Structure formats: structure tokens, C-alpha cells
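Coordinates as given in entry35.pdb (PDB, N, CA, C and O atoms):
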ATOM      1  N   MET A  34       0.834  -1.169   0.000
ATOM      2  CA  MET A  34       0.000   0.000   0.000
ATOM      3  C   MET A  34       0.883   1.237   0.000
ATOM      4  O   MET A  34       1.891   1.279   0.682
ATOM      5  N   GLU A  35       0.443   2.236  -0.771
ATOM      6  CA  GLU A  35       1.251   3.435  -0.932
ATOM      7  C   GLU A  35       0.478   4.679  -0.526
ATOM      8  O   GLU A  35      -0.755   4.701  -0.591
ATOM      9  N   ILE A  36       1.205   5.706  -0.150
ATOM     10  CA  ILE A  36       0.600   6.988   0.209
ATOM     11  C   ILE A  36      -0.203   7.500  -0.984
ATOM     12  O   ILE A  36       0.244   7.431  -2.122
ATOM     13  N   GLY A  37      -1.405   7.994  -0.695
ATOM     14  CA  GLY A  37      -2.279   8.537  -1.738
ATOM     15  C   GLY A  37      -3.328   7.563  -2.247
ATOM     16  O   GLY A  37      -4.275   7.973  -2.919
ATOM     17  N   GLN A  38      -3.190   6.269  -1.927
ATOM     18  CA  GLN A  38      -4.173   5.284  -2.382
ATOM     19  C   GLN A  38      -5.417   5.333  -1.512
ATOM     20  O   GLN A  38      -5.350   5.600  -0.321
ATOM     21  N   LYS A  39      -6.585   5.049  -2.138
ATOM     22  CA  LYS A  39      -7.846   4.986  -1.401
ATOM     23  C   LYS A  39      -8.003   3.609  -0.791
ATOM     24  O   LYS A  39      -7.728   2.601  -1.440
ATOM     25  N   VAL A  40      -8.455   3.590   0.461
ATOM     26  CA  VAL A  40      -8.671   2.335   1.171
ATOM     27  C   VAL A  40     -10.008   2.378   1.906
ATOM     28  O   VAL A  40     -10.540   3.452   2.184
ATOM     29  N   LYS A  41     -10.522   1.194   2.213
ATOM     30  CA  LYS A  41     -11.751   1.062   2.976
ATOM     31  C   LYS A  41     -11.448   0.276   4.241
ATOM     32  O   LYS A  41     -10.769  -0.744   4.186
ATOM     33  N   VAL A  42     -11.948   0.749   5.377
ATOM     34  CA  VAL A  42     -11.779   0.044   6.647
ATOM     35  C   VAL A  42     -12.812  -1.080   6.672
ATOM     36  O   VAL A  42     -14.005  -0.822   6.604
ATOM     37  N   PHE A  43     -12.353  -2.333   6.716
ATOM     38  CA  PHE A  43     -13.297  -3.444   6.661
ATOM     39  C   PHE A  43     -13.333  -4.282   7.924
ATOM     40  O   PHE A  43     -14.215  -5.127   8.085
ATOM     41  N   ARG A  44     -12.412  -4.074   8.847
ATOM     42  CA  ARG A  44     -12.458  -4.780  10.130
ATOM     43  C   ARG A  44     -11.625  -4.025  11.145
ATOM     44  O   ARG A  44     -10.781  -3.208  10.788
ATOM     45  N   LEU A  45     -11.889  -4.286  12.407
ATOM     46  CA  LEU A  45     -11.105  -3.703  13.491
ATOM     47  C   LEU A  45     -10.601  -4.849  14.343
ATOM     48  O   LEU A  45     -11.379  -5.644  14.846
ATOM     49  N   ARG A  46      -9.313  -4.944  14.477
ATOM     50  CA  ARG A  46      -8.657  -6.056  15.165
ATOM     51  C   ARG A  46      -8.851  -5.993  16.677
ATOM     52  O   ARG A  46      -9.029  -7.009  17.338
ATOM     53  N   ASP A  47      -8.789  -4.806  17.241
ATOM     54  CA  ASP A  47      -8.840  -4.625  18.688
ATOM     55  C   ASP A  47     -10.048  -3.788  19.090
ATOM     56  O   ASP A  47     -10.712  -3.195  18.246
ATOM     57  N   ARG A  48     -10.284  -3.740  20.387
ATOM     58  CA  ARG A  48     -11.310  -2.833  20.900
ATOM     59  C   ARG A  48     -10.828  -1.406  20.690
ATOM     60  O   ARG A  48      -9.667  -1.091  20.951
ATOM     61  N   VAL A  49     -11.729  -0.579  20.216
ATOM     62  CA  VAL A  49     -11.375   0.813  19.927
ATOM     63  C   VAL A  49     -12.466   1.734  20.472
ATOM     64  O   VAL A  49     -13.552   1.287  20.826
ATOM     65  N   SER A  50     -12.182   3.014  20.479
ATOM     66  CA  SER A  50     -13.174   3.989  20.930
ATOM     67  C   SER A  50     -14.325   4.061  19.927
ATOM     68  O   SER A  50     -14.198   3.639  18.770
ATOM     69  N   ALA A  51     -15.430   4.633  20.356
ATOM     70  CA  ALA A  51     -16.606   4.763  19.486
ATOM     71  C   ALA A  51     -16.295   5.612  18.255
ATOM     72  O   ALA A  51     -16.792   5.336  17.160
ATOM     73  N   VAL A  52     -15.458   6.612  18.426
ATOM     74  CA  VAL A  52     -15.100   7.487  17.306
ATOM     75  C   VAL A  52     -14.393   6.685  16.202
ATOM     76  O   VAL A  52     -14.702   6.829  15.018
ATOM     77  N   ILE A  53     -13.468   5.829  16.592
ATOM     78  CA  ILE A  53     -12.752   5.013  15.605
ATOM     79  C   ILE A  53     -13.657   3.915  15.069
ATOM     80  O   ILE A  53     -13.621   3.602  13.874
ATOM     81  N   ALA A  54     -14.516   3.345  15.886
ATOM     82  CA  ALA A  54     -15.433   2.298  15.435
ATOM     83  C   ALA A  54     -16.360   2.816  14.337
ATOM     84  O   ALA A  54     -16.761   2.060  13.454
ATOM     85  N   GLN A  55     -16.669   4.098  14.348
ATOM     86  CA  GLN A  55     -17.518   4.687  13.310
ATOM     87  C   GLN A  55     -16.827   4.719  11.948
ATOM     88  O   GLN A  55     -17.476   4.912  10.932
ATOM     89  N   LYS A  56     -15.531   4.520  11.904
ATOM     90  CA  LYS A  56     -14.783   4.519  10.637
ATOM     91  C   LYS A  56     -14.933   3.198   9.888
ATOM     92  O   LYS A  56     -14.580   3.102   8.721
ATOM     93  N   LEU A  57     -15.474   2.181  10.547
ATOM     94  CA  LEU A  57     -15.688   0.884   9.914
ATOM     95  C   LEU A  57     -16.597   1.067   8.695
ATOM     96  O   LEU A  57     -17.657   1.663   8.788
ATOM     97  N   GLY A  58     -16.130   0.605   7.535
ATOM     98  CA  GLY A  58     -16.888   0.747   6.291
ATOM     99  C   GLY A  58     -16.624   2.039   5.546
ATOM    100  O   GLY A  58     -17.084   2.215   4.425
ATOM    101  N   LYS A  59     -15.874   2.956   6.138
ATOM    102  CA  LYS A  59     -15.583   4.251   5.507
ATOM    103  C   LYS A  59     -14.369   4.152   4.591
ATOM    104  O   LYS A  59     -13.505   3.300   4.752
ATOM    105  N   ILE A  60     -14.326   5.056   3.629
ATOM    106  CA  ILE A  60     -13.210   5.126   2.678
ATOM    107  C   ILE A  60     -12.369   6.351   3.007
ATOM    108  O   ILE A  60     -12.897   7.416   3.305
ATOM    109  N   GLY A  61     -11.055   6.162   2.967
ATOM    110  CA  GLY A  61     -10.119   7.249   3.229
ATOM    111  C   GLY A  61      -8.900   7.121   2.338
ATOM    112  O   GLY A  61      -8.820   6.209   1.505
ATOM    113  N   ILE A  62      -7.957   8.010   2.518
ATOM    114  CA  ILE A  62      -6.734   8.037   1.711
ATOM    115  C   ILE A  62      -5.536   7.819   2.632
ATOM    116  O   ILE A  62      -5.449   8.437   3.699
ATOM    117  N   ILE A  63      -4.611   6.964   2.203
ATOM    118  CA  ILE A  63      -3.399   6.707   2.979
ATOM    119  C   ILE A  63      -2.565   7.981   3.014
ATOM    120  O   ILE A  63      -2.235   8.554   1.988
ATOM    121  N   GLU A  64      -2.241   8.390   4.231
ATOM    122  CA  GLU A  64      -1.519   9.639   4.468
ATOM    123  C   GLU A  64      -0.090   9.394   4.922
ATOM    124  O   GLU A  64       0.761  10.255   4.817
ATOM    125  N   GLY A  65       0.186   8.203   5.465
ATOM    126  CA  GLY A  65       1.519   7.910   5.967
ATOM    127  C   GLY A  65       1.556   6.567   6.663
ATOM    128  O   GLY A  65       0.605   5.784   6.574
ATOM    129  N   TYR A  66       2.648   6.328   7.372
ATOM    130  CA  TYR A  66       2.857   5.063   8.065
ATOM    131  C   TYR A  66       3.217   5.322   9.519
ATOM    132  O   TYR A  66       3.654   6.412   9.868
ATOM    133  N   LYS A  67       3.043   4.305  10.359
ATOM    134  CA  LYS A  67       3.344   4.426  11.786
ATOM    135  C   LYS A  67       3.947   3.113  12.263
ATOM    136  O   LYS A  67       3.395   2.050  11.997
ATOM    137  N   VAL A  68       5.073   3.186  12.960
ATOM    138  CA  VAL A  68       5.648   2.000  13.575
ATOM    139  C   VAL A  68       4.822   1.730  14.827
ATOM    140  O   VAL A  68       4.677   2.600  15.681
ATOM    141  N   THR A  69       4.234   0.539  14.926
ATOM    142  CA  THR A  69       3.297   0.259  16.001
ATOM    143  C   THR A  69       3.965  -0.245  17.270
ATOM    144  O   THR A  69       3.784   0.321  18.325
ATOM    145  N   ASP A  70       4.717  -1.320  17.193
ATOM    146  CA  ASP A  70       5.311  -1.894  18.398
ATOM    147  C   ASP A  70       6.723  -2.406  18.141
ATOM    148  O   ASP A  70       7.202  -3.265  18.843
ATOM    149  N   GLY A  71       7.350  -1.878  17.138
ATOM    150  CA  GLY A  71       8.691  -2.324  16.791
ATOM    151  C   GLY A  71       8.691  -3.501  15.842
ATOM    152  O   GLY A  71       9.673  -3.766  15.174
ATOM    153  N   ALA A  72       7.579  -4.211  15.749
ATOM    154  CA  ALA A  72       7.501  -5.372  14.860
ATOM    155  C   ALA A  72       6.502  -5.171  13.742
ATOM    156  O   ALA A  72       6.469  -5.936  12.802
ATOM    157  N   GLY A  73       5.677  -4.145  13.854
ATOM    158  CA  GLY A  73       4.630  -3.955  12.852
ATOM    159  C   GLY A  73       4.586  -2.529  12.344
ATOM    160  O   GLY A  73       5.142  -1.616  12.944
ATOM    161  N   ILE A  74       3.910  -2.375  11.228
ATOM    162  CA  ILE A  74       3.740  -1.059  10.635
ATOM    163  C   ILE A  74       2.248  -0.807  10.491
ATOM    164  O   ILE A  74       1.520  -1.651   9.981
ATOM    165  N   GLY A  75       1.814   0.346  10.925
ATOM    166  CA  GLY A  75       0.430   0.754  10.746
ATOM    167  C   GLY A  75       0.340   1.733   9.598
ATOM    168  O   GLY A  75       1.338   2.299   9.155
ATOM    169  N   VAL A  76      -0.880   1.937   9.110
ATOM    170  CA  VAL A  76      -1.123   2.845   8.004
ATOM    171  C   VAL A  76      -2.013   3.968   8.514
ATOM    172  O   VAL A  76      -3.076   3.712   9.075
ATOM    173  N   VAL A  77      -1.588   5.212   8.327
ATOM    174  CA  VAL A  77      -2.371   6.370   8.737
ATOM    175  C   VAL A  77      -3.333   6.709   7.603
ATOM    176  O   VAL A  77      -2.911   6.907   6.462
ATOM    177  N   VAL A  78      -4.632   6.757   7.925
ATOM    178  CA  VAL A  78      -5.665   7.009   6.928
ATOM    179  C   VAL A  78      -6.394   8.300   7.275
ATOM    180  O   VAL A  78      -6.802   8.506   8.416
ATOM    181  N   LYS A  79      -6.564   9.164   6.267
ATOM    182  CA  LYS A  79      -7.297  10.420   6.435
ATOM    183  C   LYS A  79      -8.653  10.285   5.752
ATOM    184  O   LYS A  79      -8.742   9.787   4.630
ATOM    185  N   PHE A  80      -9.708  10.735   6.440
ATOM    186  CA  PHE A  80     -11.069  10.597   5.952
ATOM    187  C   PHE A  80     -11.624  11.937   5.472
ATOM    188  O   PHE A  80     -11.029  12.991   5.700
ATOM    189  N   ASP A  81     -12.802  11.899   4.820
ATOM    190  CA  ASP A  81     -13.430  13.099   4.261
ATOM    191  C   ASP A  81     -13.704  14.183   5.300
ATOM    192  O   ASP A  81     -13.731  15.362   4.970
ATOM    193  N   ASP A  82     -13.916  13.786   6.550
ATOM    194  CA  ASP A  82     -14.187  14.770   7.602
ATOM    195  C   ASP A  82     -12.903  15.368   8.184
ATOM    196  O   ASP A  82     -12.923  16.020   9.215
ATOM    197  N   ASN A  83     -11.784  15.142   7.502
ATOM    198  CA  ASN A  83     -10.447  15.622   7.884
ATOM    199  C   ASN A  83      -9.893  14.979   9.142
ATOM    200  O   ASN A  83      -8.878  15.424   9.665
ATOM    201  N   SER A  84     -10.536  13.927   9.643
ATOM    202  CA  SER A  84      -9.972  13.184  10.759
ATOM    203  C   SER A  84      -9.004  12.145  10.201
ATOM    204  O   SER A  84      -9.098  11.761   9.034
ATOM    205  N   SER A  85      -8.074  11.722  11.018
ATOM    206  CA  SER A  85      -7.168  10.661  10.593
ATOM    207  C   SER A  85      -6.821   9.786  11.787
ATOM    208  O   SER A  85      -6.821  10.252  12.927
ATOM    209  N   THR A  86      -6.564   8.534  11.512
ATOM    210  CA  THR A  86      -6.151   7.578  12.525
ATOM    211  C   THR A  86      -5.389   6.470  11.811
ATOM    212  O   THR A  86      -5.360   6.418  10.594
ATOM    213  N   TRP A  87      -4.751   5.598  12.588
ATOM    214  CA  TRP A  87      -3.976   4.531  11.955
ATOM    215  C   TRP A  87      -4.669   3.194  12.152
ATOM    216  O   TRP A  87      -5.424   2.988  13.088
ATOM    217  N   PHE A  88      -4.392   2.300  11.202
ATOM    218  CA  PHE A  88      -4.928   0.945  11.204
ATOM    219  C   PHE A  88      -3.825  -0.023  10.829
ATOM    220  O   PHE A  88      -2.867   0.357  10.149
ATOM    221  N   PHE A  89      -3.959  -1.274  11.264
ATOM    222  CA  PHE A  89      -3.061  -2.313  10.785
ATOM    223  C   PHE A  89      -3.408  -2.586   9.325
ATOM    224  O   PHE A  89      -4.551  -2.384   8.900
ATOM    225  N   GLU A  90      -2.438  -3.075   8.550
ATOM    226  CA  GLU A  90      -2.672  -3.330   7.129
ATOM    227  C   GLU A  90      -3.767  -4.354   6.875
ATOM    228  O   GLU A  90      -4.434  -4.299   5.846
ATOM    229  N   ASP A  91      -3.977  -5.303   7.816
ATOM    230  CA  ASP A  91      -5.020  -6.306   7.602
ATOM    231  C   ASP A  91      -6.415  -5.802   7.986
ATOM    232  O   ASP A  91      -7.381  -6.542   7.914
ATOM    233  N   GLU A  92      -6.521  -4.529   8.361
ATOM    234  CA  GLU A  92      -7.814  -3.937   8.697
ATOM    235  C   GLU A  92      -8.382  -3.116   7.553
ATOM    236  O   GLU A  92      -9.526  -2.667   7.621
ATOM    237  N   ILE A  93      -7.588  -2.875   6.522
ATOM    238  CA  ILE A  93      -8.024  -2.050   5.401
ATOM    239  C   ILE A  93      -7.815  -2.778   4.077
ATOM    240  O   ILE A  93      -7.008  -3.699   3.990
ATOM    241  N   LYS A  94      -8.580  -2.364   3.063
ATOM    242  CA  LYS A  94      -8.456  -2.909   1.708
ATOM    243  C   LYS A  94      -8.355  -1.751   0.723
ATOM    244  O   LYS A  94      -8.974  -0.704   0.925
ATOM    245  N   LEU A  95      -7.634  -1.973  -0.360
ATOM    246  CA  LEU A  95      -7.589  -0.982  -1.428
ATOM    247  C   LEU A  95      -8.929  -0.931  -2.140
ATOM    248  O   LEU A  95      -9.594  -1.941  -2.302
ATOM    249  N   VAL A  96      -9.350   0.275  -2.561
ATOM    250  CA  VAL A  96     -10.574   0.410  -3.349
ATOM    251  C   VAL A  96     -10.276   0.953  -4.717
ATOM    252  O   VAL A  96      -9.249   1.464  -4.978
TER     253      VAL A  96
END

Give the structure from this file in C-alpha cells form.
Amino acid sequence: MEIGQKVKVFRLRDRVSAVIAQKLGKIGIIEGYKVTDGAGIGVVVKFDDNSSTWFFEDEIKLV
């Protein structure tokens, strides 16, 4: 996955806040990357409402 690509949030691996849970099924654009725990890489996604958060790669799909 590359910066600028459109993705859809299709699952949430962990328990998250209600604000992030509302992103399930939403489409956003990859804005960057985040090192999660030293062993994994997360993807920062920006949505139409100008909010952004990160997801694991297995939580999003390219559209």
C-alpha cells in the first residue's frame, strides 16, 4: 500500500473507541505510516471529515 491510495476500513482487530469504530466501512486516503510496536507497521488514513487515525494493514483494503 502506498501513500495517496484509497482504502476502505473493513475490520477492526482490537477494541477501539466509538469514534474510531464509526470509521468501519468508511473510505479514506493513505496519508503515511506508523511503527506500532517495533515489529509492525500501521497505516495512517485520512477521511473526508479531515480526521485521521492509523490501522493495521489487515484492517483495510484498497478500493

- [ ] Excluding range 80-84 of chain A and any residue of its chain fewer than 5 positions from it, enumerate the residues within 8 Å of it, using only N, CA, C and O atoms, and give them as a list of chain:residue names.
- [x] A:Lys59, A:Ile60, A:Gly61, A:Ile62, A:Ile63

Task: Interatomic distance (Å, one decimal) between CA of Gly58 in chain A and CA of Lys41 in chain A - done: 6.1 Å

Would you compute, for all listed atoms of range 69-81 of chain A, the axis-aligned bounding box grown by 4 Å on each side, and then report its centre and edge lengths in Å rounded to one decimal, as lines of an AutoDock Vina configuration file?
center_x = -2.0
center_y = 4.7
center_z = 11.6
size_x = 31.4
size_y = 29.3
size_z = 22.6

Please write as a JSON list (two decimals) with N, CA, C and O atoms, in the coordinates of the input the full residue list that the PyMOL selection byres (((chain A and resi 86-89 and name CA) around 8) and name CA) yields on this file.
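What follows is the written file part_23.json:
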[["chain", "number", "residue", "atom", "x", "y", "z"],
["A", 53, "ILE", "N", -13.47, 5.83, 16.59],
["A", 53, "ILE", "CA", -12.75, 5.01, 15.60],
["A", 53, "ILE", "C", -13.66, 3.92, 15.07],
["A", 53, "ILE", "O", -13.62, 3.60, 13.87],
["A", 66, "TYR", "N", 2.65, 6.33, 7.37],
["A", 66, "TYR", "CA", 2.86, 5.06, 8.06],
["A", 66, "TYR", "C", 3.22, 5.32, 9.52],
["A", 66, "TYR", "O", 3.65, 6.41, 9.87],
["A", 67, "LYS", "N", 3.04, 4.30, 10.36],
["A", 67, "LYS", "CA", 3.34, 4.43, 11.79],
["A", 67, "LYS", "C", 3.95, 3.11, 12.26],
["A", 67, "LYS", "O", 3.40, 2.05, 12.00],
["A", 74, "ILE", "N", 3.91, -2.38, 11.23],
["A", 74, "ILE", "CA", 3.74, -1.06, 10.64],
["A", 74, "ILE", "C", 2.25, -0.81, 10.49],
["A", 74, "ILE", "O", 1.52, -1.65, 9.98],
["A", 75, "GLY", "N", 1.81, 0.35, 10.92],
["A", 75, "GLY", "CA", 0.43, 0.75, 10.75],
["A", 75, "GLY", "C", 0.34, 1.73, 9.60],
["A", 75, "GLY", "O", 1.34, 2.30, 9.15],
["A", 76, "VAL", "N", -0.88, 1.94, 9.11],
["A", 76, "VAL", "CA", -1.12, 2.84, 8.00],
["A", 76, "VAL", "C", -2.01, 3.97, 8.51],
["A", 76, "VAL", "O", -3.08, 3.71, 9.07],
["A", 77, "VAL", "N", -1.59, 5.21, 8.33],
["A", 77, "VAL", "CA", -2.37, 6.37, 8.74],
["A", 77, "VAL", "C", -3.33, 6.71, 7.60],
["A", 77, "VAL", "O", -2.91, 6.91, 6.46],
["A", 78, "VAL", "N", -4.63, 6.76, 7.92],
["A", 78, "VAL", "CA", -5.66, 7.01, 6.93],
["A", 78, "VAL", "C", -6.39, 8.30, 7.28],
["A", 78, "VAL", "O", -6.80, 8.51, 8.42],
["A", 79, "LYS", "N", -6.56, 9.16, 6.27],
["A", 79, "LYS", "CA", -7.30, 10.42, 6.44],
["A", 79, "LYS", "C", -8.65, 10.28, 5.75],
["A", 79, "LYS", "O", -8.74, 9.79, 4.63],
["A", 84, "SER", "N", -10.54, 13.93, 9.64],
["A", 84, "SER", "CA", -9.97, 13.18, 10.76],
["A", 84, "SER", "C", -9.00, 12.14, 10.20],
["A", 84, "SER", "O", -9.10, 11.76, 9.03],
["A", 85, "SER", "N", -8.07, 11.72, 11.02],
["A", 85, "SER", "CA", -7.17, 10.66, 10.59],
["A", 85, "SER", "C", -6.82, 9.79, 11.79],
["A", 85, "SER", "O", -6.82, 10.25, 12.93],
["A", 90, "GLU", "N", -2.44, -3.08, 8.55],
["A", 90, "GLU", "CA", -2.67, -3.33, 7.13],
["A", 90, "GLU", "C", -3.77, -4.35, 6.88],
["A", 90, "GLU", "O", -4.43, -4.30, 5.85],
["A", 91, "ASP", "N", -3.98, -5.30, 7.82],
["A", 91, "ASP", "CA", -5.02, -6.31, 7.60],
["A", 91, "ASP", "C", -6.42, -5.80, 7.99],
["A", 91, "ASP", "O", -7.38, -6.54, 7.91],
["A", 92, "GLU", "N", -6.52, -4.53, 8.36],
["A", 92, "GLU", "CA", -7.81, -3.94, 8.70],
["A", 92, "GLU", "C", -8.38, -3.12, 7.55],
["A", 92, "GLU", "O", -9.53, -2.67, 7.62],
["A", 93, "ILE", "N", -7.59, -2.88, 6.52],
["A", 93, "ILE", "CA", -8.02, -2.05, 5.40],
["A", 93, "ILE", "C", -7.82, -2.78, 4.08],
["A", 93, "ILE", "O", -7.01, -3.70, 3.99]]

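For the atom pair formed by CA of Thr69 in chain A and CA of Asp47 in chain A, the distance is 13.4 Å, given to one decimal.
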
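Note that DSSP on the backbone gives strand (DSSP E or B) to these residues of chain A: Lys39, Val40, Lys41, Val42, Ile60, Gly61, Ile62, Ile63, Glu64, Gly65, Tyr66, Lys67, Val68, Ile74, Gly75, Val76, Val77, Val78, Lys79, Phe80, Ser85, Thr86, Trp87, Phe88, Phe89, Ile93, Lys94 and Leu95 of chain A.
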
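Residues of chain A that DSSP places in helix (DSSP H, G or I), based on the backbone of this structure, are Ala51, Val52, Ile53, Ala54, Glu90, Asp91 and Glu92 of chain A.
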
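Of the residues listed (A:Met34, A:Leu95, A:Ala51, A:Val42), A:Met34 shows the shortest atom-to-atom separation from Gly65 in chain A; distances use only C-alpha atoms.
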
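Between atom N of Val49 in chain A and atom O of Glu64 in chain A the interatomic distance comes to 22.6 Å.
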
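Taking only N, CA, C and O atoms into account, Leu57 in chain A lies nearest to A:Phe43 out of the set A:Ile36, A:Asp70, A:Phe43, A:Val96.
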
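Counting only C-alpha atoms, the residue from A:Gly73, A:Arg44, A:Val52, A:Gly37 that sits nearest to Lys94 in chain A is A:Arg44.
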
Range 34-49 of chain A written out with N, CA, C and O atoms as a compact mmCIF listing (two decimals), in the first residue's frame:
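The new file out36.txt reads:
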# COMPACT_ATOMS: atom_id res chain seq x y z
N MET A 34 0.83 -1.17 0.00
CA MET A 34 0.00 0.00 0.00
C MET A 34 0.88 1.24 0.00
O MET A 34 1.89 1.28 0.68
N GLU A 35 0.44 2.24 -0.77
CA GLU A 35 1.25 3.43 -0.93
C GLU A 35 0.48 4.68 -0.53
O GLU A 35 -0.75 4.70 -0.59
N ILE A 36 1.21 5.71 -0.15
CA ILE A 36 0.60 6.99 0.21
C ILE A 36 -0.20 7.50 -0.98
O ILE A 36 0.24 7.43 -2.12
N GLY A 37 -1.41 7.99 -0.69
CA GLY A 37 -2.28 8.54 -1.74
C GLY A 37 -3.33 7.56 -2.25
O GLY A 37 -4.28 7.97 -2.92
N GLN A 38 -3.19 6.27 -1.93
CA GLN A 38 -4.17 5.28 -2.38
C GLN A 38 -5.42 5.33 -1.51
O GLN A 38 -5.35 5.60 -0.32
N LYS A 39 -6.59 5.05 -2.14
CA LYS A 39 -7.85 4.99 -1.40
C LYS A 39 -8.00 3.61 -0.79
O LYS A 39 -7.73 2.60 -1.44
N VAL A 40 -8.45 3.59 0.46
CA VAL A 40 -8.67 2.33 1.17
C VAL A 40 -10.01 2.38 1.91
O VAL A 40 -10.54 3.45 2.18
N LYS A 41 -10.52 1.19 2.21
CA LYS A 41 -11.75 1.06 2.98
C LYS A 41 -11.45 0.28 4.24
O LYS A 41 -10.77 -0.74 4.19
N VAL A 42 -11.95 0.75 5.38
CA VAL A 42 -11.78 0.04 6.65
C VAL A 42 -12.81 -1.08 6.67
O VAL A 42 -14.00 -0.82 6.60
N PHE A 43 -12.35 -2.33 6.72
CA PHE A 43 -13.30 -3.44 6.66
C PHE A 43 -13.33 -4.28 7.92
O PHE A 43 -14.21 -5.13 8.09
N ARG A 44 -12.41 -4.07 8.85
CA ARG A 44 -12.46 -4.78 10.13
C ARG A 44 -11.63 -4.02 11.14
O ARG A 44 -10.78 -3.21 10.79
N LEU A 45 -11.89 -4.29 12.41
CA LEU A 45 -11.11 -3.70 13.49
C LEU A 45 -10.60 -4.85 14.34
O LEU A 45 -11.38 -5.64 14.85
N ARG A 46 -9.31 -4.94 14.48
CA ARG A 46 -8.66 -6.06 15.16
C ARG A 46 -8.85 -5.99 16.68
O ARG A 46 -9.03 -7.01 17.34
N ASP A 47 -8.79 -4.81 17.24
CA ASP A 47 -8.84 -4.63 18.69
C ASP A 47 -10.05 -3.79 19.09
O ASP A 47 -10.71 -3.20 18.25
N ARG A 48 -10.28 -3.74 20.39
CA ARG A 48 -11.31 -2.83 20.90
C ARG A 48 -10.83 -1.41 20.69
O ARG A 48 -9.67 -1.09 20.95
N VAL A 49 -11.73 -0.58 20.22
CA VAL A 49 -11.38 0.81 19.93
C VAL A 49 -12.47 1.73 20.47
O VAL A 49 -13.55 1.29 20.83
